[in-house]
Amino acid sequence: MMENGQVTVVKHALVQHKLSLMREKETGTRDFRTLVTEIATFLCYEAMRDLPTEEVEIETPICKTKVPMIAGKKLAYVPILRAGMGMLDGALSLTPVAKVGHIGMYRNEQTLEPVEYYKKLPEDISERDVFILDPMLATGGSACDAISAVKRSNPKSITFVCIVSAPCGLERVCKEHPDVPVYTAAIDEKLNENGYIVPGLGDAGDRIYGTH
């Protein structure tokens, strides 16, 4: 891993290999979807590395002993619709009991700014550590708006998890939400004139769902 305090880039060889396969324009919908799920699992695994634990007593086939277990176990995933849904199965494979919320946003193609059209969060989100999921962190607009929307419900903590990020998007998130850790598999070069990450991997939502 490579860290700067707030941003962690997961450089694991398997993550980087799978990301390279995702970037290939010839990678089809089924394989792309599988790769998103697999990388999301790795990223969320790293993002949960420092979850608090507590000692509990259990009984093995040999004897009683004290072991560490995650304290509280109250987690929530909030994918940003629609592309963030592609990461949800990978995250839930780690913690199937986590609750799930949704935030719906689309990008205004003229201003490149996000427009929120849907929000549904767990009723007890104030008791939970929240992981916001979105494959692409481009301008940072959707990420910042989603973080702000979740913050209004006063969760215990928020972590943002993405697969590919642009420097300007990371800078915006770090500036507007310095208390939110970011986990990503790559920091790419820049955005092009249409607001797409370069070299990137195209439109993640279109590639996950086979749309254009």
# chains A, B, ... in the order shown; residues from 1 in each chain; ligands from 1
$ residues_around --residues "Arg207 of chain A" --least-positions-apart "4" --cutoff "10 Å" --atoms "only C-alpha atoms" --output "list in words"
Met22, Lys25, Thr27, Gly28, Thr29, Arg30, Asp31, Phe32, Arg33, Ala83, Leu201, Gly202, Asp203, Thr211 and His212 of chain A
$ write_last_selection --atoms "C-alpha atoms" --output "compact mmCIF listing (two decimals), in the first residue's frame"
# COMPACT_ATOMS: atom_id res chain seq x y z
CA MET A 22 -10.46 -3.81 -16.51
CA LYS A 25 -11.34 -1.93 -23.97
CA THR A 27 -12.79 -6.78 -21.81
CA GLY A 28 -16.47 -7.74 -22.07
CA THR A 29 -19.33 -6.92 -19.72
CA ARG A 30 -19.32 -10.22 -17.81
CA ASP A 31 -15.58 -10.15 -17.13
CA PHE A 32 -15.59 -6.44 -16.33
CA ARG A 33 -18.38 -6.96 -13.80
CA ALA A 83 -21.94 2.20 -10.98
CA LEU A 201 -11.23 2.60 -18.08
CA GLY A 202 -14.13 4.38 -19.75
CA ASP A 203 -17.59 4.80 -18.23
CA THR A 211 -25.07 0.15 -21.91
CA HIS A 212 -23.78 3.11 -23.89
$ closest_atom_pairs --of "segment 167-200 of chain A" --to "segment 135-159 of chain A" --cutoff "9 Å" --atoms "only C-alpha atoms" --output "Markdown table"
| residue | atom | partner | partner_atom | distance |
| --- | --- | --- | --- | --- |
| A:Pro167 | CA | A:Ala138 | CA | 8.1 |
| A:Cys168 | CA | A:Thr139 | CA | 6.2 |
| A:Gly169 | CA | A:Gly140 | CA | 4.0 |
| A:Leu170 | CA | A:Gly140 | CA | 6.6 |
| A:Glu171 | CA | A:Gly140 | CA | 8.1 |
| A:Arg172 | CA | A:Gly140 | CA | 5.9 |
| A:Val173 | CA | A:Cys144 | CA | 5.9 |
| A:Glu176 | CA | A:Cys144 | CA | 7.1 |
| A:His177 | CA | A:Cys144 | CA | 7.4 |
| A:Asp179 | CA | A:Ile158 | CA | 8.2 |
| A:Val180 | CA | A:Thr159 | CA | 5.5 |
| A:Pro181 | CA | A:Thr159 | CA | 5.1 |
| A:Val182 | CA | A:Thr159 | CA | 6.1 |
| A:Tyr183 | CA | A:Thr159 | CA | 7.8 |
| A:Thr184 | CA | A:Pro135 | CA | 8.9 |
| A:Lys190 | CA | A:Ala138 | CA | 8.6 |
| A:Leu191 | CA | A:Ala138 | CA | 7.0 |
| A:Gly195 | CA | A:Ala138 | CA | 7.0 |
| A:Tyr196 | CA | A:Ala138 | CA | 6.8 |
| A:Ile197 | CA | A:Ala138 | CA | 6.1 |
| A:Gly200 | CA | A:Met136 | CA | 8.7 |
$ closest_residue --among "A:Arg82, A:Arg128, A:Lys99, A:Lys175" --to "Glu116 of chain A" --atoms "only C-alpha atoms"
A:Arg82
$ atom_distance --atom1 "atom CA of Leu133 of chain A" --atom2 "atom CA of Met69 of chain A"
24.5 Å
$ residues_around --residues "Val9 of chain A" --least-positions-apart "3" --cutoff "12 Å" --atoms "only C-alpha atoms" --output "PDB file with N, CA and C atoms, in the first residue's frame"
ATOM      1  N   MET A   1       0.835  -1.198   0.000  1.00  0.00           N
ATOM      2  CA  MET A   1       0.000   0.000   0.000  1.00  0.00           C
ATOM      3  C   MET A   1       0.872   1.251   0.000  1.00  0.00           C
ATOM      4  N   MET A   2       0.327   2.339  -0.539  1.00  0.00           N
ATOM      5  CA  MET A   2       0.982   3.638  -0.501  1.00  0.00           C
ATOM      6  C   MET A   2       0.014   4.616   0.141  1.00  0.00           C
ATOM      7  N   GLU A   3       0.463   5.323   1.176  1.00  0.00           N
ATOM      8  CA  GLU A   3      -0.430   6.195   1.909  1.00  0.00           C
ATOM      9  C   GLU A   3       0.124   7.610   1.998  1.00  0.00           C
ATOM     10  N   ASN A   4      -0.781   8.593   2.093  1.00  0.00           N
ATOM     11  CA  ASN A   4      -0.359   9.969   2.357  1.00  0.00           C
ATOM     12  C   ASN A   4      -1.060  10.521   3.580  1.00  0.00           C
ATOM     13  N   GLY A   5      -1.630   9.644   4.392  1.00  0.00           N
ATOM     14  CA  GLY A   5      -2.370  10.067   5.565  1.00  0.00           C
ATOM     15  C   GLY A   5      -3.855   9.892   5.364  1.00  0.00           C
ATOM     16  N   GLN A   6      -4.402  10.543   4.332  1.00  0.00           N
ATOM     17  CA  GLN A   6      -5.840  10.422   4.068  1.00  0.00           C
ATOM     18  C   GLN A   6      -6.136   9.472   2.928  1.00  0.00           C
ATOM     19  N   HIS A  12      -1.370  -3.865  -4.150  1.00  0.00           N
ATOM     20  CA  HIS A  12      -1.251  -5.330  -4.181  1.00  0.00           C
ATOM     21  C   HIS A  12      -1.209  -5.811  -5.626  1.00  0.00           C
ATOM     22  N   VAL A  15      -4.509  -6.803  -7.210  1.00  0.00           N
ATOM     23  CA  VAL A  15      -5.365  -5.655  -7.498  1.00  0.00           C
ATOM     24  C   VAL A  15      -4.916  -4.971  -8.784  1.00  0.00           C
ATOM     25  N   GLN A  16      -3.613  -4.757  -8.913  1.00  0.00           N
ATOM     26  CA  GLN A  16      -3.095  -4.067 -10.091  1.00  0.00           C
ATOM     27  C   GLN A  16      -3.282  -4.895 -11.358  1.00  0.00           C
ATOM     28  N   PHE A  42     -11.022  -6.621  -2.398  1.00  0.00           N
ATOM     29  CA  PHE A  42      -9.673  -6.296  -1.927  1.00  0.00           C
ATOM     30  C   PHE A  42      -9.622  -4.914  -1.280  1.00  0.00           C
ATOM     31  N   LEU A  43     -10.256  -3.930  -1.918  1.00  0.00           N
ATOM     32  CA  LEU A  43     -10.203  -2.559  -1.410  1.00  0.00           C
ATOM     33  C   LEU A  43     -10.920  -2.442  -0.063  1.00  0.00           C
ATOM     34  N   GLU A  46      -8.863  -3.894   2.752  1.00  0.00           N
ATOM     35  CA  GLU A  46      -7.846  -2.970   3.249  1.00  0.00           C
ATOM     36  C   GLU A  46      -8.476  -1.839   4.045  1.00  0.00           C
ATOM     37  N   ALA A  47      -9.631  -1.348   3.589  1.00  0.00           N
ATOM     38  CA  ALA A  47     -10.277  -0.234   4.270  1.00  0.00           C
ATOM     39  C   ALA A  47     -10.741  -0.617   5.672  1.00  0.00           C
ATOM     40  N   VAL A 161     -14.496   4.508  -0.905  1.00  0.00           N
ATOM     41  CA  VAL A 161     -13.759   3.446  -1.595  1.00  0.00           C
ATOM     42  C   VAL A 161     -14.037   3.543  -3.092  1.00  0.00           C
ATOM     43  N   CYS A 162     -12.979   3.704  -3.882  1.00  0.00           N
ATOM     44  CA  CYS A 162     -13.118   3.775  -5.342  1.00  0.00           C
ATOM     45  C   CYS A 162     -12.020   2.943  -5.992  1.00  0.00           C
ATOM     46  N   ILE A 163     -12.189   2.648  -7.258  1.00  0.00           N
ATOM     47  CA  ILE A 163     -11.209   1.822  -7.968  1.00  0.00           C
ATOM     48  C   ILE A 163     -10.174   2.694  -8.667  1.00  0.00           C
ATOM     49  N   VAL A 164     -10.624   3.698  -9.413  1.00  0.00           N
ATOM     50  CA  VAL A 164      -9.711   4.596 -10.127  1.00  0.00           C
ATOM     51  C   VAL A 164     -10.045   6.032  -9.731  1.00  0.00           C
ATOM     52  N   SER A 165      -9.010   6.841  -9.527  1.00  0.00           N
ATOM     53  CA  SER A 165      -9.225   8.227  -9.110  1.00  0.00           C
ATOM     54  C   SER A 165      -8.359   9.167  -9.936  1.00  0.00           C
ATOM     55  N   LEU A 170      -9.368  13.686  -6.015  1.00  0.00           N
ATOM     56  CA  LEU A 170      -8.822  13.401  -4.691  1.00  0.00           C
ATOM     57  C   LEU A 170      -8.572  14.701  -3.924  1.00  0.00           C
ATOM     58  N   PRO A 181     -11.259   9.048   5.127  1.00  0.00           N
ATOM     59  CA  PRO A 181     -10.208   8.299   4.427  1.00  0.00           C
ATOM     60  C   PRO A 181     -10.691   7.848   3.049  1.00  0.00           C
ATOM     61  N   VAL A 182      -9.761   7.798   2.094  1.00  0.00           N
ATOM     62  CA  VAL A 182     -10.058   7.355   0.734  1.00  0.00           C
ATOM     63  C   VAL A 182      -9.164   6.167   0.399  1.00  0.00           C
ATOM     64  N   TYR A 183      -9.772   5.099  -0.102  1.00  0.00           N
ATOM     65  CA  TYR A 183      -9.029   3.922  -0.572  1.00  0.00           C
ATOM     66  C   TYR A 183      -9.271   3.782  -2.062  1.00  0.00           C
ATOM     67  N   THR A 184      -8.184   3.621  -2.817  1.00  0.00           N
ATOM     68  CA  THR A 184      -8.279   3.516  -4.272  1.00  0.00           C
ATOM     69  C   THR A 184      -7.227   2.548  -4.784  1.00  0.00           C
ATOM     70  N   ALA A 185      -7.452   2.003  -5.983  1.00  0.00           N
ATOM     71  CA  ALA A 185      -6.474   1.102  -6.588  1.00  0.00           C
ATOM     72  C   ALA A 185      -5.482   1.858  -7.468  1.00  0.00           C
ATOM     73  N   ALA A 186      -5.833   3.092  -7.883  1.00  0.00           N
ATOM     74  CA  ALA A 186      -4.944   3.835  -8.783  1.00  0.00           C
ATOM     75  C   ALA A 186      -5.270   5.320  -8.754  1.00  0.00           C
ATOM     76  N   ILE A 187      -4.231   6.136  -8.862  1.00  0.00           N
ATOM     77  CA  ILE A 187      -4.385   7.562  -9.112  1.00  0.00           C
ATOM     78  C   ILE A 187      -3.887   7.801 -10.530  1.00  0.00           C
ATOM     79  N   ASP A 188      -4.810   8.088 -11.431  1.00  0.00           N
ATOM     80  CA  ASP A 188      -4.445   8.244 -12.839  1.00  0.00           C
ATOM     81  C   ASP A 188      -3.924   9.648 -13.130  1.00  0.00           C
TER      82      ASP A 188
END
$ select_by_dssp --residues "segment 109-163 of chain A" --states "alpha helix (DSSP H)" --output "number ranges by chain"
A: 141-151
$ closest_residue --among "A:Ala76, A:Ile39, A:Ala166, A:Ala91" --to "Glu123 of chain A" --atoms "only C-alpha atoms"
A:Ala76
$ atom_distance --atom1 "atom CA of Lys74 of chain A" --atom2 "atom CA of Tyr118 of chain A"
23.4 Å
$ closest_residue --among "A:Ile132, A:Gly90, A:Val36, A:Phe160" --to "Gly205 of chain A" --atoms "only C-alpha atoms"
A:Val36
$ closest_residue --among "A:Ile62, A:Ser126, A:Asp89, A:Ala71" --to "Asp50 of chain A" --atoms "only C-alpha atoms"
A:Ala71
$ closest_residue --among "A:Met85, A:Val130, A:Ile80, A:Thr95" --to "Tyr209 of chain A" --atoms "only C-alpha atoms"
A:Met85
$ atom_distance --atom1 "atom CA of Val97 of chain A" --atom2 "atom CA of Glu38 of chain A"
18.8 Å
$ decode --residues "segment 124-170 of chain A" --atoms "C-alpha atoms" --output "mmCIF file, in the first residue's frame"
data_model
loop_
_atom_site.group_PDB
_atom_site.id
_atom_site.type_symbol
_atom_site.label_atom_id
_atom_site.label_comp_id
_atom_site.auth_asym_id
_atom_site.auth_seq_id
_atom_site.Cartn_x
_atom_site.Cartn_y
_atom_site.Cartn_z
ATOM 1 C CA ASP A 124 -29.762 3.328 12.412
ATOM 2 C CA ILE A 125 -26.956 4.737 10.280
ATOM 3 C CA SER A 126 -25.873 6.979 13.162
ATOM 4 C CA GLU A 127 -24.669 3.806 14.904
ATOM 5 C CA ARG A 128 -22.682 2.547 11.909
ATOM 6 C CA ASP A 129 -19.318 2.903 10.180
ATOM 7 C CA VAL A 130 -20.172 3.741 6.572
ATOM 8 C CA PHE A 131 -18.283 2.820 3.402
ATOM 9 C CA ILE A 132 -19.334 4.804 0.328
ATOM 10 C CA LEU A 133 -18.683 2.876 -2.909
ATOM 11 C CA ASP A 134 -18.093 4.288 -6.404
ATOM 12 C CA PRO A 135 -15.714 2.864 -9.034
ATOM 13 C CA MET A 136 -14.601 6.266 -10.379
ATOM 14 C CA LEU A 137 -13.496 9.396 -8.530
ATOM 15 C CA ALA A 138 -13.222 11.955 -11.342
ATOM 16 C CA THR A 139 -14.082 15.586 -10.554
ATOM 17 C CA GLY A 140 -14.931 14.669 -6.974
ATOM 18 C CA GLY A 141 -18.366 16.274 -7.215
ATOM 19 C CA SER A 142 -20.424 13.110 -6.722
ATOM 20 C CA ALA A 143 -18.103 11.860 -3.992
ATOM 21 C CA CYS A 144 -18.254 15.109 -2.020
ATOM 22 C CA ASP A 145 -22.028 15.407 -2.389
ATOM 23 C CA ALA A 146 -22.538 11.791 -1.337
ATOM 24 C CA ILE A 147 -20.273 12.227 1.679
ATOM 25 C CA SER A 148 -22.141 15.394 2.668
ATOM 26 C CA ALA A 149 -25.490 13.615 2.302
ATOM 27 C CA VAL A 150 -24.363 10.759 4.554
ATOM 28 C CA LYS A 151 -22.802 13.137 7.090
ATOM 29 C CA ARG A 152 -26.182 14.761 7.647
ATOM 30 C CA SER A 153 -27.261 11.456 9.244
ATOM 31 C CA ASN A 154 -24.311 11.550 11.689
ATOM 32 C CA PRO A 155 -22.725 8.110 11.148
ATOM 33 C CA LYS A 156 -19.884 6.963 13.391
ATOM 34 C CA SER A 157 -17.433 7.281 10.489
ATOM 35 C CA ILE A 158 -17.255 7.470 6.697
ATOM 36 C CA THR A 159 -14.714 5.892 4.340
ATOM 37 C CA PHE A 160 -14.765 6.425 0.581
ATOM 38 C CA VAL A 161 -13.759 3.446 -1.595
ATOM 39 C CA CYS A 162 -13.118 3.775 -5.342
ATOM 40 C CA ILE A 163 -11.209 1.822 -7.968
ATOM 41 C CA VAL A 164 -9.711 4.596 -10.127
ATOM 42 C CA SER A 165 -9.225 8.227 -9.110
ATOM 43 C CA ALA A 166 -8.055 11.472 -10.681
ATOM 44 C CA PRO A 167 -5.735 13.882 -8.836
ATOM 45 C CA CYS A 168 -8.224 16.766 -8.958
ATOM 46 C CA GLY A 169 -10.996 14.595 -7.543
ATOM 47 C CA LEU A 170 -8.822 13.401 -4.691
#
